[in-house]
Every structure is written in C-alpha cells, then in structure tokens.
>>> print(open('run-v2.cif').read())   # mmCIF, C-alpha atoms
data_coords
#
loop_
_atom_site.label_atom_id
_atom_site.label_comp_id
_atom_site.auth_asym_id
_atom_site.auth_seq_id
_atom_site.Cartn_x
_atom_site.Cartn_y
_atom_site.Cartn_z
CA ASP A 30 0.00 0.00 0.00
CA GLY A 31 3.06 2.28 0.01
CA LEU A 32 2.54 3.37 3.61
CA SER A 33 5.70 1.78 5.04
CA ILE A 34 9.17 0.58 4.07
CA THR A 35 7.98 -3.02 4.22
CA THR A 36 5.05 -2.42 1.83
CA PRO A 37 6.37 -0.03 -0.81
CA LEU A 38 4.73 0.85 -4.08
CA LYS A 39 6.83 0.04 -7.13
CA ASN A 40 5.55 2.78 -9.44
CA ILE A 41 6.44 6.42 -8.71
CA TYR A 42 3.72 7.78 -10.99
CA ARG A 43 1.13 5.76 -9.08
CA ALA A 44 2.46 6.92 -5.74
CA MET A 45 2.12 10.57 -6.77
CA GLN A 46 -1.46 9.90 -7.90
CA MET A 47 -2.45 8.29 -4.62
CA VAL A 48 -0.93 10.71 -2.13
CA ALA A 49 -3.27 13.36 -0.71
CA SER A 50 -1.87 16.57 0.71
CA ASP A 51 -2.48 20.25 1.32
CA SER A 52 -0.57 23.14 2.90
CA LEU A 53 -1.52 21.95 6.39
CA ASN A 54 -0.69 18.30 5.64
CA PRO A 55 2.36 18.15 3.35
CA LYS A 56 3.50 14.68 2.33
CA THR A 57 6.67 13.05 0.99
CA VAL A 58 7.14 10.24 -1.51
CA HIS A 59 10.37 8.50 -0.50
CA LEU A 60 12.44 6.71 -3.14
CA ALA A 61 14.60 3.80 -2.04
CA GLU A 62 17.93 3.17 -3.75
CA GLY A 63 17.92 1.48 -7.13
CA ILE A 64 17.05 2.08 -10.78
CA TYR A 65 13.49 3.10 -11.62
CA SER A 66 13.31 2.23 -15.31
CA THR A 67 10.66 2.30 -18.00
CA ASN A 68 11.83 -1.24 -18.79
CA ASP A 69 10.40 -2.23 -15.41
CA GLY A 70 7.04 -0.48 -15.71
CA GLN A 71 7.84 3.09 -14.67
CA PHE A 72 5.82 5.77 -16.46
CA PHE A 73 7.09 9.29 -17.15
CA PRO A 74 6.74 12.19 -16.77
CA ILE A 75 6.17 12.10 -13.03
CA ALA A 76 3.43 14.68 -12.41
CA LEU A 77 4.27 16.81 -9.39
CA LYS A 78 1.71 17.98 -6.84
CA SER A 79 1.69 20.95 -4.50
CA ASP A 80 2.78 20.16 -0.94
CA VAL A 81 4.24 16.80 -2.02
CA CYS A 82 8.00 16.21 -1.94
CA LEU A 83 9.90 13.59 -3.96
CA VAL A 84 13.00 12.57 -2.00
CA GLY A 85 15.55 9.91 -2.89
CA ASN A 86 17.90 7.95 -0.67
CA GLN A 87 20.74 10.28 0.31
CA VAL A 88 23.44 7.61 0.61
CA SER A 89 22.68 5.66 -2.57
CA VAL A 90 20.86 8.10 -4.83
CA PRO A 91 18.11 6.47 -6.94
CA ILE A 92 18.23 6.68 -10.73
CA LEU A 93 15.22 7.57 -12.84
CA GLU A 94 15.93 5.76 -16.12
CA ASN A 95 13.65 7.18 -18.79
CA LEU A 96 14.22 5.06 -21.90
CA HIS A 97 10.99 5.77 -23.77
CA TYR A 98 9.30 9.05 -22.85
CA ARG A 99 10.19 12.72 -23.29
CA ASP A 100 10.13 14.71 -20.03
CA THR A 101 10.92 12.90 -16.80
CA ILE A 102 9.47 15.25 -14.15
CA SER A 103 6.91 17.97 -14.87
CA GLY A 104 4.34 20.22 -13.25
CA SER A 105 2.60 23.59 -13.26
CA ARG A 106 1.03 26.00 -10.75
CA LEU A 107 2.76 24.25 -7.85
CA SER A 108 3.73 25.43 -4.38
CA ASN A 109 5.90 24.01 -1.60
CA VAL A 110 7.53 21.17 -3.51
CA ILE A 111 10.97 19.60 -2.97
CA ILE A 112 12.72 17.27 -5.42
CA LYS A 113 15.85 15.88 -3.80
CA ASN A 114 18.60 13.26 -4.24
CA ILE A 115 17.86 12.01 -7.75
CA VAL A 116 19.80 11.04 -10.89
CA ILE A 117 17.97 11.37 -14.22
CA ASP A 118 19.31 9.17 -17.02
CA TYR A 119 17.90 8.88 -20.54
CA GLY A 120 20.20 6.07 -21.67
CA ASN A 121 19.76 5.56 -25.42
CA ASN A 122 16.31 7.18 -25.50
CA THR A 123 15.91 8.91 -28.88
CA ASN A 124 12.82 10.81 -27.64
CA GLY A 125 14.45 12.13 -24.49
CA ALA A 126 13.83 15.79 -23.77
CA ARG A 127 13.92 17.92 -20.62
CA ALA A 128 14.80 16.17 -17.40
CA ILE A 129 12.64 18.57 -15.39
CA SER A 130 10.07 20.99 -16.80
CA VAL A 131 8.06 23.13 -14.36
CA SER A 132 6.11 26.34 -14.91
CA SER A 133 4.37 29.03 -12.85
CA SER A 134 5.34 27.60 -9.47
CA HIS A 135 6.35 29.11 -6.14
CA ASN A 136 8.77 27.83 -3.54
CA LEU A 137 9.89 24.82 -5.57
CA ARG A 138 13.25 23.41 -4.48
CA LEU A 139 15.59 21.21 -6.51
CA LEU A 140 18.33 19.74 -4.31
CA ASN A 141 21.17 17.34 -5.20
CA ILE A 142 20.03 16.41 -8.69
CA HIS A 143 22.28 15.08 -11.46
CA VAL A 144 21.25 14.98 -15.12
CA ALA A 145 23.36 12.31 -16.85
CA PRO A 146 24.83 12.86 -20.35
CA HIS A 147 22.46 12.53 -23.29
CA GLN A 148 22.12 13.77 -26.87
CA SER A 149 18.74 14.57 -28.36
CA ILE A 150 17.02 16.23 -31.30
CA THR A 151 14.70 18.06 -28.91
CA TRP A 152 14.95 20.11 -25.68
CA LYS A 153 17.36 19.05 -22.94
CA GLY A 154 18.45 20.06 -19.45
CA ILE A 155 16.15 21.70 -16.89
CA SER A 156 13.51 24.30 -17.72
CA LEU A 157 11.79 26.40 -15.03
CA GLY A 158 9.53 29.20 -16.18
CA SER A 159 6.49 31.35 -15.70
CA ASN A 160 4.93 34.49 -17.15
CA SER A 161 4.46 38.10 -16.09
CA TYR A 162 1.04 37.31 -14.58
CA TYR A 163 2.06 34.49 -12.25
CA PRO A 164 5.11 35.13 -10.02
CA ALA A 165 7.43 32.14 -9.70
CA TYR A 166 10.24 31.42 -7.26
CA TYR A 167 12.70 28.51 -7.50
CA ILE A 168 15.56 27.37 -5.29
CA LEU A 169 18.31 25.15 -6.75
CA GLU A 170 21.21 23.67 -4.79
CA ASP A 171 23.84 21.16 -5.90
CA ILE A 172 22.51 20.67 -9.42
CA SER A 173 24.75 18.99 -12.02
CA ILE A 174 23.87 19.01 -15.73
CA THR A 175 26.51 17.29 -17.85
CA GLY A 176 27.02 16.08 -21.39
CA GLN A 177 23.78 17.39 -22.89
CA SER A 178 23.39 18.18 -26.60
CA SER A 179 20.30 19.69 -28.23
CA PRO A 180 19.34 22.09 -31.02
CA TYR A 181 17.27 24.19 -28.60
CA THR A 182 18.62 24.24 -25.06
CA SER A 183 21.11 22.05 -23.26
CA GLY A 184 21.59 23.39 -19.74
CA LEU A 185 19.45 25.42 -17.33
CA MET A 186 16.69 27.77 -18.49
CA LEU A 187 15.07 30.13 -15.96
CA HIS A 188 12.47 32.23 -17.76
CA THR A 189 10.43 35.03 -16.08
CA VAL A 190 11.21 33.79 -12.57
CA ASP A 191 13.03 34.69 -9.38
CA ALA A 192 15.71 32.18 -8.42
CA GLU A 193 18.32 31.21 -5.82
CA VAL A 194 20.98 29.02 -7.44
CA LYS A 195 23.88 27.59 -5.43
CA GLY A 196 26.30 24.80 -6.32
CA LEU A 197 25.28 24.58 -9.98
CA THR A 198 27.50 22.75 -12.49
CA ILE A 199 26.83 22.92 -16.22
CA ASN A 200 29.61 20.99 -17.95
CA ASP A 201 30.07 19.83 -21.55
CA CYS A 202 26.63 21.00 -22.69
CA HIS A 203 26.15 22.03 -26.32
CA THR A 204 23.33 23.87 -28.08
CA THR A 205 23.63 22.99 -31.75
CA GLY A 206 20.65 24.73 -33.40
CA ASP A 207 20.71 27.58 -35.91
CA GLU A 208 18.55 30.72 -36.18
CA TYR A 209 15.39 28.82 -37.11
CA ASP A 210 15.65 26.64 -34.01
CA ASN A 211 15.56 29.70 -31.70
CA PRO A 212 18.30 28.22 -29.49
CA TYR A 213 18.89 29.26 -25.87
CA SER A 214 22.10 29.70 -23.89
CA PRO A 215 23.34 26.81 -21.71
CA PHE A 216 22.70 29.14 -18.77
CA TYR A 217 19.74 31.42 -19.49
CA PHE A 218 18.00 33.71 -17.00
CA ARG A 219 15.27 36.30 -17.38
CA GLY A 220 13.59 37.60 -14.25
CA ASP A 221 13.58 40.11 -11.41
CA LYS A 222 15.88 38.50 -8.84
CA LEU A 223 18.79 36.10 -9.27
CA ASN A 224 21.25 34.96 -6.64
CA LEU A 225 23.88 32.75 -8.35
CA GLU A 226 26.66 31.47 -6.09
CA ASN A 227 29.39 28.83 -5.89
CA SER A 228 28.73 27.57 -9.40
CA GLN A 229 30.59 26.68 -12.60
CA ILE A 230 29.76 26.70 -16.32
CA LEU A 231 32.47 24.85 -18.23
CA ASN A 232 33.26 23.40 -21.66
CA CYS A 233 29.95 24.40 -23.26
CA SER A 234 29.24 25.70 -26.75
CA MET A 235 26.70 27.50 -28.95
CA VAL A 236 26.62 27.05 -32.72
CA TYR A 237 24.31 29.94 -33.61
CA ASP A 238 26.10 33.30 -33.51
CA ASP A 239 23.58 35.26 -31.40
CA PRO A 240 23.14 33.80 -27.88
CA ALA A 241 25.88 33.90 -25.25
CA ILE A 242 26.96 30.89 -23.16
CA VAL A 243 25.84 32.70 -20.01
CA SER A 244 22.93 35.06 -20.69
CA ILE A 245 21.47 37.05 -17.78
CA GLY A 246 18.77 39.69 -18.30
CA MET A 247 17.32 41.35 -15.23
CA SER A 248 13.77 42.68 -15.45
CA HIS A 249 12.79 45.82 -13.61
CA ARG A 250 9.40 45.12 -12.08
CA ASP A 251 10.11 47.02 -8.85
CA SER A 252 12.94 48.42 -6.71
CA SER A 253 13.79 44.97 -5.28
CA SER A 254 15.04 43.62 -8.63
CA ARG A 255 18.72 42.67 -8.34
CA LEU A 256 21.45 40.32 -9.54
CA ASN A 257 23.95 38.84 -7.12
CA MET A 258 26.57 36.67 -8.88
CA ASN A 259 29.24 35.48 -6.47
CA ASN A 260 32.05 32.90 -6.77
CA VAL A 261 31.15 31.65 -10.25
CA LEU A 262 33.60 30.07 -12.70
CA VAL A 263 32.85 30.49 -16.42
CA ALA A 264 35.63 28.82 -18.38
CA ASN A 265 36.61 27.12 -21.64
CA ASN A 266 33.32 27.83 -23.41
CA GLN A 267 32.82 28.54 -27.12
CA SER A 268 30.10 30.92 -28.29
CA GLY A 269 29.00 31.10 -31.90
CA GLY A 270 30.01 34.73 -32.30
CA GLU A 271 28.36 36.65 -29.47
CA SER A 272 30.26 37.48 -26.28
CA PRO A 273 30.40 34.27 -24.22
CA VAL A 274 29.02 36.22 -21.23
CA TYR A 275 26.12 38.68 -21.46
CA ILE A 276 24.76 40.51 -18.40
CA ALA A 277 22.10 43.24 -18.50
CA ALA A 278 20.97 44.57 -15.12
CA PHE A 279 19.29 47.98 -15.11
CA THR A 280 18.17 47.62 -11.50
CA ASP A 281 17.49 50.31 -8.88
CA SER A 282 19.57 48.42 -6.32
CA THR A 283 23.10 47.99 -7.62
CA SER A 284 23.65 44.49 -8.93
CA LEU A 285 26.85 42.71 -7.88
CA VAL A 286 29.27 40.47 -9.78
CA SER A 287 32.03 39.43 -7.38
CA ASN A 288 34.75 36.82 -6.91
CA CYS A 289 34.06 35.38 -10.37
CA THR A 290 36.54 33.99 -12.89
CA PHE A 291 35.96 34.27 -16.63
CA ALA A 292 38.78 32.41 -18.37
CA ASP A 293 39.67 30.70 -21.65
CA ASN A 294 36.30 31.53 -23.22
CA ARG A 295 36.14 32.02 -26.99
CA GLY A 296 33.69 33.47 -29.50
CA GLY A 297 32.97 37.16 -29.98
CA ASN A 298 35.41 40.07 -29.98
CA PHE A 299 34.67 40.63 -26.29
CA ALA A 300 34.52 37.94 -23.62
CA ALA A 301 31.88 39.78 -21.59
CA THR A 302 29.21 42.30 -22.58
CA LEU A 303 27.88 44.21 -19.57
CA LYS A 304 25.24 46.91 -19.20
CA GLY A 305 23.19 48.28 -16.35
CA ASN A 306 23.75 49.36 -12.75
CA ILE A 307 26.47 46.93 -11.67
CA THR A 308 29.47 46.70 -9.36
CA VAL A 309 32.17 44.25 -10.50
CA SER A 310 34.58 43.31 -7.70
CA ASN A 311 37.44 40.85 -7.24
CA CYS A 312 36.92 39.21 -10.64
CA ILE A 313 39.34 37.77 -13.20
CA PHE A 314 38.87 38.31 -16.95
CA ASP A 315 41.47 36.24 -18.84
CA ASN A 316 39.99 34.89 -22.06
CA ASP A 317 40.92 33.79 -25.58
CA THR A 318 39.02 36.68 -27.19
CA GLN A 319 40.43 39.77 -28.86
CA SER A 320 39.22 41.95 -25.97
CA GLU A 321 37.76 41.37 -22.55
CA ILE A 322 34.90 43.72 -21.63
CA LEU A 323 32.38 45.74 -23.64
CA ILE A 324 30.02 48.12 -21.87
CA GLU A 325 27.37 48.07 -24.53
CA ASN A 326 25.71 51.22 -25.81
CA THR A 327 21.97 51.41 -25.20
CA GLN A 328 19.17 53.93 -25.52
CA PRO A 329 19.75 57.35 -23.91
CA ASN A 330 17.41 56.56 -21.01
CA PHE A 331 19.39 53.46 -20.05
CA THR A 332 22.90 54.72 -19.35
CA SER A 333 25.12 52.08 -17.75
CA VAL A 334 26.63 52.89 -14.36
CA ILE A 335 29.34 50.33 -13.60
CA ASP A 336 32.00 50.37 -10.89
CA PHE A 337 35.05 48.11 -11.16
CA ASN A 338 36.79 47.34 -7.85
CA ASN A 339 39.99 45.28 -7.59
CA ASN A 340 39.80 43.21 -10.77
CA PHE A 341 42.23 41.42 -13.08
CA ILE A 342 41.56 42.36 -16.71
CA ARG A 343 43.92 40.88 -19.29
CA GLY A 344 45.46 43.56 -21.50
CA TYR A 345 43.78 46.47 -19.71
CA PRO A 346 43.16 49.24 -20.80
CA ASN A 347 43.37 48.15 -24.45
CA THR A 348 40.92 45.27 -23.96
CA PHE A 349 38.15 47.41 -22.42
CA SER A 350 35.59 49.46 -24.36
CA SER A 351 32.70 51.76 -23.46
CA VAL A 352 30.98 54.76 -25.03
CA THR A 353 31.32 58.12 -23.28
CA ALA A 354 27.62 58.25 -22.34
CA ASN A 355 28.13 55.45 -19.81
CA GLN A 356 29.37 56.17 -16.29
CA ILE A 357 32.32 53.85 -15.67
CA THR A 358 34.54 54.00 -12.60
CA PHE A 359 37.70 52.03 -11.82
CA ASN A 360 38.37 52.04 -8.10
CA ASP A 361 41.55 50.76 -6.47
CA VAL A 362 43.73 48.46 -8.54
CA VAL A 363 43.32 46.91 -11.99
CA LEU A 364 45.71 43.99 -12.40
CA THR A 365 46.87 42.72 -15.79
CA GLY A 366 49.51 40.38 -17.21
CA ASN A 367 49.24 36.78 -16.01
CA PRO A 368 46.67 35.79 -13.37
CA GLY A 369 48.82 32.86 -12.22
CA PHE A 370 46.43 29.94 -12.43
CA CYS A 371 47.68 26.60 -11.13
CA SER A 372 47.81 25.03 -14.59
CA SER A 373 46.77 25.58 -18.20
CA ILE A 374 44.49 22.56 -18.58
CA ALA A 375 41.49 24.59 -19.64
CA ASP A 376 38.80 21.93 -19.22
CA ASP A 377 39.81 21.12 -15.63
CA PRO A 378 38.00 23.43 -13.16
CA MET A 379 40.81 22.89 -10.65
CA SER A 380 43.16 24.61 -13.10
CA TYR A 381 41.62 27.95 -12.24
CA ARG A 382 42.81 27.96 -8.67
CA LEU A 383 45.34 30.69 -8.05
CA GLY A 384 48.92 29.52 -7.53
CA ASN A 385 50.98 30.58 -4.54
CA SER A 386 52.82 33.18 -6.62
CA SER A 387 49.72 34.64 -8.29
CA GLN A 388 49.48 38.41 -8.20
CA CYS A 389 45.72 38.03 -7.68
CA ARG A 390 46.06 36.32 -4.31
CA ASP A 391 45.04 38.59 -1.45
CA ALA A 392 44.87 41.52 -3.87
CA GLY A 393 41.17 42.23 -3.54
CA THR A 394 38.89 42.85 -0.59
CA ALA A 395 38.38 40.18 2.06
CA ASP A 396 34.78 39.29 1.27
CA THR A 397 35.09 35.59 0.47
CA THR A 398 34.07 34.15 3.85
CA GLY A 399 32.06 30.98 3.46
CA LEU A 400 32.59 30.69 -0.29
CA PHE A 401 34.91 27.64 -0.03
CA LEU A 402 37.52 29.29 -2.24
#
>>> encode(input="run-v2.cif", output="structure tokens")
Amino acid sequence: DGLSITTPLKNIYRAMQMVASDSLNPKTVHLAEGIYSTNDGQFFPIALKSDVCLVGNQVSVPILENLHYRDTISGSRLSNVIIKNIVIDYGNNTNGARAISVSSSHNLRLLNIHVAPHQSITWKGISLGSNSYYPAYYILEDISITGQSSPYTSGLMLHTVDAEVKGLTINDCHTTGDEYDNPYSPFYFRGDKLNLENSQILNCSMVYDDPAIVSIGMSHRDSSSRLNMNNVLVANNQSGGESPVYIAAFTDSTSLVSNCTFADNRGGNFAATLKGNITVSNCIFDNDTQSEILIENTQPNFTSVIDFNNNFIRGYPNTFSSVTANQITFNDVVLTGNPGFCSSIADDPMSYRLGNSSQCRDAGTADTTGLFL
C-alpha cells in the first residue's frame, strides 16, 4: 500500500497519484535506492503535486531511467515542492527531452540532482519558467547538468522567474541549433531576482552566432530587482560569435558580480558584454578573445553605471571598451599580465585555482568568507 518501508509501491507515478496533501498536511514520496526504469514499468513524466516532496535515498541516490518518454518530471502551478537526491538518465532514448520541466510555481526546491549525459534532437536540461502574470520562485542547490546536446537548449533555463541558485555545475553542454531553431544559452535567466553562487559553467558551446553561453537579463518590475553573482567560474566555453558572457541589469539596487573567474572563453570580440547598474569586484577576466569587456551602448534613457573594484583584466586598458555616455569607474587596482592559475588545462576546473605566486592572491577585498575558495 506504500505506507511503510515493508510495503512499498513500485511505481512512482502511481504513488504521486495516490498521495493526498495540502498546505496543512504536506507529504513526501520517499524513493529507495535502485534504478526506476521504463523497462520495469515506470511511467514518465512524473506529475508533481503541490505540498508533495519527492525525496531519494541520500546515501545511494536512486536513478530515474527514462528510456521511452520525453520529459521525466513535470508540473505547473505548484507550491511548496521539494525534489531531492535524484539522478535522471535517458540512456539511449531517442525521444528524451527535458529532465525537469516546471512552470508558474512558487517555492519549488531542486536539491542534489544530477542529469546524466544525453544527446537529443529536442529540448534538454532543466527548464523552469512562468509568465508576467504568475510570479514564480525557484531554489536550486547542488545541481549537475553534464554532457547534454540539443538544437534548442542544453543546460538550465530560468524564464520570467526569481531564483536562488547555489552549487550549480553545467559541464560539456552544447546547443547545436541555428537561427530557425531559436536556441537558448546553456545558462539562461530572465527575471527580477537572481542569486547565483558557488557555481561553474564549463566546456559548453553554442553554434548559432547570437546567444551567449551565459545570458542574464534582469527585469525591472520594482525596486527589489537585483542580480547577485558570487564565486562563479565560467571557463573554456565557445560561443558562436556573441560574447560568451552577457549581463544586463538595469536595476534600482546595484547588482553585484564578485569573486568570479571568466577564463579561456572564446567566441565574440569581447569575452563579456555588460550593461546596467552593476558593481564588478574581485573578478578575473582572462579569455581567448580579442578583448575582454564591452560596456554596450543602449538607448539614452538606459545609461550604464558600472564600478570596477579590484579586478584582473587581461590587457587592460586596451581590452576594455565603453561609449562616453556610460558612467564607468575604476576604483583601487586593476591587475593585468598573467593571473597565475595553477595550470593551463582549460577543461579542468581545478586549473583555475590561483597559484601561490599569483598576483591576484590577497589583492582584492576580504569578502570571500564561506565561499569555499
């Protein structure tokens, strides 16, 4: 009957159908260790319910093996949901699409989820969205999306949402579509509030020449809109022609990009295109592009106000460009030359640690407490 460990249900879809819950009586569907495969009668997508959590064994994380269907987990108009301790594997599924697809939901948490490598002719990765009429809020921690390939999207899409993202890894994900496929960046965000911390986007690529690898566009619904991007590594990515990193944040509260490393990225003339009201602190820009930073020109009513504090910028000032209408300030030191990474193996995230002799060590402000640097 699924009410105890000794009498478990074998079908996750059935368990989610049977469980009854509300905000005063939240419930949890517990997944024991093992492989839950469509070859053994599992049916996907698993339809989520409000106030119902789906939690896998923490020691031996269960695998959802979707060999026949498109999406694996889906839902809409949800609240108070946790999905935790799960591996999603499509095997040789030729129909495989998004691992998780959720829309218009509030307080949905994804914790310790790994999406195993897979190539598809349709959508891939994780997609969390909403619209301007239905506020959505998502929390993601310890999410790993690796080895995805798709014409449309291959990593994490957050569209018209607010999000807290910590411990995200997007590695070896490739969006292969052209203009007619309307492809999205491996990391794509549009919304009012984004807190992105302790994360890495590595070894990804875009074929089409418009989208960036990391594309962040902050909306301006009210004065609380803000980007906080802290301790993020963006390295060894190949864009199709656009800057590998694109950040637009015209927010009332100053948005912050701090303690981030942008290295060995390739694509456009500039590694990073920035615009908005932003402070950039303690960051390293050391890429395989002609120049490093472009403060993009916009309409007269949207002048960029950007402060740079204690950054390494390869080739500065020759690799930096901005029109005179923008308000750009360089405070304290701008380092250039060689950042002194531990090694030159670009696809190894450990390469981007600073060596003992690096000029960047202890050169910025001491604001890295708790970031595990």
>>> resolve_selection(input="run-v2.cif", expression="the PyMOL selection byres ((chain A and resi 265-273) around 6)", output="number ranges by chain")
A: 231-239, 241-242, 264, 274, 293-297, 299-301, 375
>>> atom_distance(input="run-v2.cif", atom1="CA of Thr151 (chain A)", atom2="CA of Tyr167 (chain A)")
23.9 Å
>>> resolve_selection(input="run-v2.cif", expression="the PyMOL selection byres ((chain A and resi 357) around 7)", output="list in words")
Val334, Ile335, Asp336, Asn355, Gln356, Thr358 and Phe359 of chain A
>>> residues_around(input="run-v2.cif", residues="His59 (chain A)", least_positions_apart="2", cutoff="10 Å", atoms="only C-alpha atoms", output="PDB file with C-alpha atoms, in the coordinates of the input")
ATOM      1  CA  GLY A  31       3.060   2.280   0.010  1.00  0.00           C
ATOM      2  CA  SER A  33       5.700   1.780   5.040  1.00  0.00           C
ATOM      3  CA  ILE A  34       9.170   0.580   4.070  1.00  0.00           C
ATOM      4  CA  PRO A  37       6.370  -0.030  -0.810  1.00  0.00           C
ATOM      5  CA  ILE A  41       6.440   6.420  -8.710  1.00  0.00           C
ATOM      6  CA  ALA A  44       2.460   6.920  -5.740  1.00  0.00           C
ATOM      7  CA  LYS A  56       3.500  14.680   2.330  1.00  0.00           C
ATOM      8  CA  THR A  57       6.670  13.050   0.990  1.00  0.00           C
ATOM      9  CA  ALA A  61      14.600   3.800  -2.040  1.00  0.00           C
ATOM     10  CA  GLU A  62      17.930   3.170  -3.750  1.00  0.00           C
ATOM     11  CA  CYS A  82       8.000  16.210  -1.940  1.00  0.00           C
ATOM     12  CA  LEU A  83       9.900  13.590  -3.960  1.00  0.00           C
ATOM     13  CA  VAL A  84      13.000  12.570  -2.000  1.00  0.00           C
ATOM     14  CA  GLY A  85      15.550   9.910  -2.890  1.00  0.00           C
ATOM     15  CA  ASN A  86      17.900   7.950  -0.670  1.00  0.00           C
ATOM     16  CA  LYS A 113      15.850  15.880  -3.800  1.00  0.00           C
TER      17      LYS A 113
END
>>> resolve_selection(input="run-v2.cif", expression="the PyMOL selection byres ((chain A and resi 114) around 9)", output="list in words")
Leu83, Val84, Gly85, Asn86, Gln87, Val88, Ser89, Val90, Pro91, Ile112, Lys113, Ile115, Val116, Leu139, Leu140, Asn141, Ile142 and His143 of chain A
>>> atom_distance(input="run-v2.cif", atom1="CA of Pro368 (chain A)", atom2="CA of Val286 (chain A)")
18.4 Å
>>> residues_around(input="run-v2.cif", residues="region 337-342 of chain A", least_positions_apart="3", cutoff="6 Å", atoms="all atoms listed in the file", output="compact mmCIF listing (two decimals) with C-alpha atoms, in the frame of the given file")
# COMPACT_ATOMS: atom_id res chain seq x y z
CA VAL A 309 32.17 44.25 -10.50
CA SER A 310 34.58 43.31 -7.70
CA ASN A 311 37.44 40.85 -7.24
CA CYS A 312 36.92 39.21 -10.64
CA ILE A 313 39.34 37.77 -13.20
CA PHE A 314 38.87 38.31 -16.95
CA TYR A 345 43.78 46.47 -19.71
CA PHE A 359 37.70 52.03 -11.82
CA ASN A 360 38.37 52.04 -8.10
CA ASP A 361 41.55 50.76 -6.47
CA VAL A 362 43.73 48.46 -8.54
CA VAL A 363 43.32 46.91 -11.99
CA LEU A 364 45.71 43.99 -12.40
CA THR A 365 46.87 42.72 -15.79
CA GLY A 393 41.17 42.23 -3.54
>>> closest_residue(input="run-v2.cif", among="A:Leu285, A:Met47, A:Leu197, A:Leu137", to="Ser228 (chain A)", atoms="all atoms listed in the file")
A:Leu197
>>> atom_distance(input="run-v2.cif", atom1="CA of Leu225 (chain A)", atom2="CA of Ser244 (chain A)")
12.6 Å
>>> closest_residue(input="run-v2.cif", among="A:Pro378, A:Gly220, A:Gly384, A:Gly158", to="Leu107 (chain A)", atoms="all atoms listed in the file")
A:Gly158
>>> closest_residue(input="run-v2.cif", among="A:Ser373, A:Ser386, A:Asn257, A:Ser108", to="Asn136 (chain A)", atoms="all atoms listed in the file")
A:Ser108
>>> closest_residue(input="run-v2.cif", among="A:Ile324, A:Leu93, A:Ile117, A:Ile150", to="Leu60 (chain A)", atoms="all atoms listed in the file")
A:Leu93
>>> residues_around(input="run-v2.cif", residues="Pro346 (chain A)", least_positions_apart="2", cutoff="10 Å", atoms="only C-alpha atoms", output="list in words")
Ser320, Glu321, Ile322, Ile342, Arg343, Gly344, Thr348, Phe349, Ser350, Val363 and Thr365 of chain A
>>> residues_near_point(input="run-v2.cif", point="(9.5, 39.4, -8.7)", cutoff="8 Å", atoms="all atoms listed in the file", output="list in words")
Pro164, Ala165, Val190, Asp191, Gly220, Asp221, Lys222, Arg250, Asp251, Ser253 and Ser254 of chain A
>>> closest_residue(input="run-v2.cif", among="A:Ile168, A:Ala292, A:Ala354, A:Cys389", to="Ile374 (chain A)", atoms="all atoms listed in the file")
A:Ala292
>>> closest_residue(input="run-v2.cif", among="A:Phe72, A:Tyr381, A:Tyr166, A:Tyr42", to="Leu223 (chain A)", atoms="all atoms listed in the file")
A:Tyr166
